[in-house]
Amino acid sequence: MYLSFYDLRRKPFEITVDPDFLWLGEKHKEALATLEYGIREDKGFLLLTGDVGTGKTVLINRLVRNIHLQSIISTVPDPGLDLIDFYNFLAASFRFGRTIKSKGEFLALLKKFLIKAEAIKRKVLLLIDESQRLNHNLLEEIRLLSNIEMENRKLINIFFVGQSEFNQILLEPRNRAVRQRIAVRYQIEPLSVEETVQYVLHRLQVAGAEHAIFTAEALREIYVFTKGNPRLTNIICDHALLTGYSMERETIDSGVIRECAEELQLPGERTLLPVEGKTRGAVALPDEKPPGKHSSLSPFIVTVLIIAAILTAGYFMFTGEKISTMPWSPDQLAPQGPPVPAPPKPEAAMTGKPAVAENKTSEGQLAPDTGTDGSIEIKEINPVAQKSAPGAAESLFNLSNINKVVIRFNHNSNELPTNAYMPLDRFAASLLNNPDISVIVNGYTDDTGVLSYNVSVSEFRANIVKSYLVGKGVDPSRIAANGLGPKDPIGSNATAEGRSLNRRVEIIFTKKSPG
């Protein structure tokens, strides 16, 4: 109805998934790279969670399209099935060509199918949508499917996609076996105000808009109503265009958005908009400062919030705990395989060269052994050593004598090398002691495989290092992480040794210019 009125070629805010309107913010790109890496590297169990309407389906469709040629994918849209129906759904999806009558029959056919898929170099992905609807028994049966594997790799990747409450289901003690097997997880959050503005403008541009349809104030009101939820953003924007058309308004202002917001709320639903005469909290658009004349908080509430902030800061200061900036919770992941033994003494570590060559200083502390270019090589030598214990960062590095740090990553691994933790602890402590120094973290790979995938992996590894340093208290604004893929090789990609040299993350220190 309103297309010709606004000179649009297509409806820009349909709630159905249309790849032409795909817009990926930074958090979406990070989620996509993380999950794609987990599938390509056969990590086994993956998890994507988020509130209703945050864009999980859009991400999954993009992910499936990215890996479709190399994968056999079965998507279960609703896991509210009994066991035999679940087996028959998978049998039909994988084209077994028969009706399943027993669990034993299904497992025998599935094992044969997975071995054939491995022989032709096809990955198998089982995608469980709406995972929050899984009951415990079916969840346990799905876990057991992963036991069909080869000696050195998983034959099936199981991908859970669900609403945020699925995280609570996994935290139940009876589901700990599933929780401990999830190697890659991502919680997708709503859009920020800047991302909401970019999202709306992108969809309008794709639809053919040649002039501004929403005012800046209207975009503020859209975010106030939706809180960054893409689906709600589509709904209110579409409603606003229809309302503007009926009112013959070529430009949608904040009043139209507020009117639409009131109409979209259900009877009895708590209003999201202020009553007449009350002040309204402002939302700042990109490159715009929020007005500061009014405050919607009473002095009492402000005082309470300040006290709560002080108590929270004191807790983390005295307990030494850090708030994780990772998109998932590593502390909820348990290692798979045999228990990790206690770390051996340095002189009795493992045979071979030490991970970080070190010299004693005159004060008896450990100091790094730097090469001619000032770099420090950190290599994985002892894969079963424990991570650094509390107090590992007792001594500081003299960053003025170090140009860069090079961390080697093992083939097909996105894990920090075990013996990188202690040096990184000391680097973080040194950075905290030198606030004028910033860090550039560059990730690199060898040149085998697809370029876009290599760039994603290198960016992921660089962000792992960044996240670790941030978790140690370093201000994230001081750290820039880049994924450069196979760029700037330092070894020959024609040899295994050269490829090993190229799979690295380089940490470069830069000092701020005076003034």
# chains A, B, ... in the order shown; residues from 1 in each chain; ligands from 1
$ residues_around --residues "Ala496 of chain A" --least-positions-apart "6" --cutoff "12 Å" --atoms "only C-alpha atoms" --output "ChimeraX atom specification"
/A:410-411,446-448,502-503
$ write_last_selection --atoms "C-alpha atoms" --output "mmCIF file, in the first residue's frame"
data_model
loop_
_atom_site.group_PDB
_atom_site.id
_atom_site.type_symbol
_atom_site.label_atom_id
_atom_site.label_comp_id
_atom_site.auth_asym_id
_atom_site.auth_seq_id
_atom_site.Cartn_x
_atom_site.Cartn_y
_atom_site.Cartn_z
ATOM 1 C CA ASN A 410 48.601 -25.764 16.791
ATOM 2 C CA HIS A 411 47.009 -26.992 13.568
ATOM 3 C CA ASP A 446 48.877 -20.637 6.610
ATOM 4 C CA ASP A 447 47.437 -20.466 3.074
ATOM 5 C CA THR A 448 45.735 -23.871 2.972
ATOM 6 C CA ASN A 502 52.708 -19.030 9.835
ATOM 7 C CA ARG A 503 49.937 -20.148 12.224
#
$ select_by_dssp --residues "segment 451-496 of chain A" --states "strand (DSSP E)" --output "PyMOL selection string"
chain A and resi 479-483
$ select_by_dssp --residues "segment 18-108 of chain A" --states "helix (DSSP H, G or I)" --output "number ranges by chain"
A: 19-21, 26-40, 56-70, 83-93, 103-108
$ residues_around --residues "Ile508 of chain A" --least-positions-apart "2" --cutoff "7 Å" --atoms "only C-alpha atoms" --output "list in words"
Asn403, Lys404, Val405, Val439, Ile440, Val441, Glu506 and Thr510 of chain A
$ write_last_selection --atoms "C-alpha atoms" --output "short mmCIF file (atom, residue, chain, number, x, y, z; two decimals), in the first residue's frame"
data_model
loop_
_atom_site.label_atom_id
_atom_site.label_comp_id
_atom_site.auth_asym_id
_atom_site.auth_seq_id
_atom_site.Cartn_x
_atom_site.Cartn_y
_atom_site.Cartn_z
CA ASN A 403 58.95 -5.26 20.00
CA LYS A 404 56.42 -8.07 19.74
CA VAL A 405 55.27 -11.39 21.14
CA VAL A 439 48.58 -3.25 21.83
CA ILE A 440 47.90 -4.49 18.30
CA VAL A 441 47.02 -8.18 18.12
CA GLU A 506 51.62 -11.45 16.95
CA THR A 510 53.07 0.77 20.59
#
$ closest_residue --among "A:Ile73, A:Gly244, A:Thr196, A:Phe225" --to "Leu264 of chain A" --atoms "only C-alpha atoms"
A:Phe225
$ atom_distance --atom1 "atom CA of Asn493 of chain A" --atom2 "atom CA of Leu416 of chain A"
22.0 Å
$ closest_atom_pairs --of "segment 41-132 of chain A" --to "segment 173-188 of chain A" --cutoff "9 Å" --atoms "only C-alpha atoms" --output "Markdown table"
| residue | atom | partner | partner_atom | distance |
| --- | --- | --- | --- | --- |
| A:Lys43 | CA | A:Ala183 | CA | 6.0 |
| A:Gly44 | CA | A:Ala183 | CA | 7.1 |
| A:Phe45 | CA | A:Ile182 | CA | 4.6 |
| A:Leu46 | CA | A:Val184 | CA | 4.9 |
| A:Leu47 | CA | A:Arg185 | CA | 4.5 |
| A:Leu48 | CA | A:Tyr186 | CA | 5.0 |
| A:Thr49 | CA | A:Gln187 | CA | 4.9 |
| A:Gly50 | CA | A:Ile188 | CA | 5.0 |
| A:Asp51 | CA | A:Ile188 | CA | 7.9 |
| A:Thr54 | CA | A:Ile188 | CA | 7.1 |
| A:Gly55 | CA | A:Ile188 | CA | 8.1 |
| A:Lys56 | CA | A:Ile188 | CA | 7.7 |
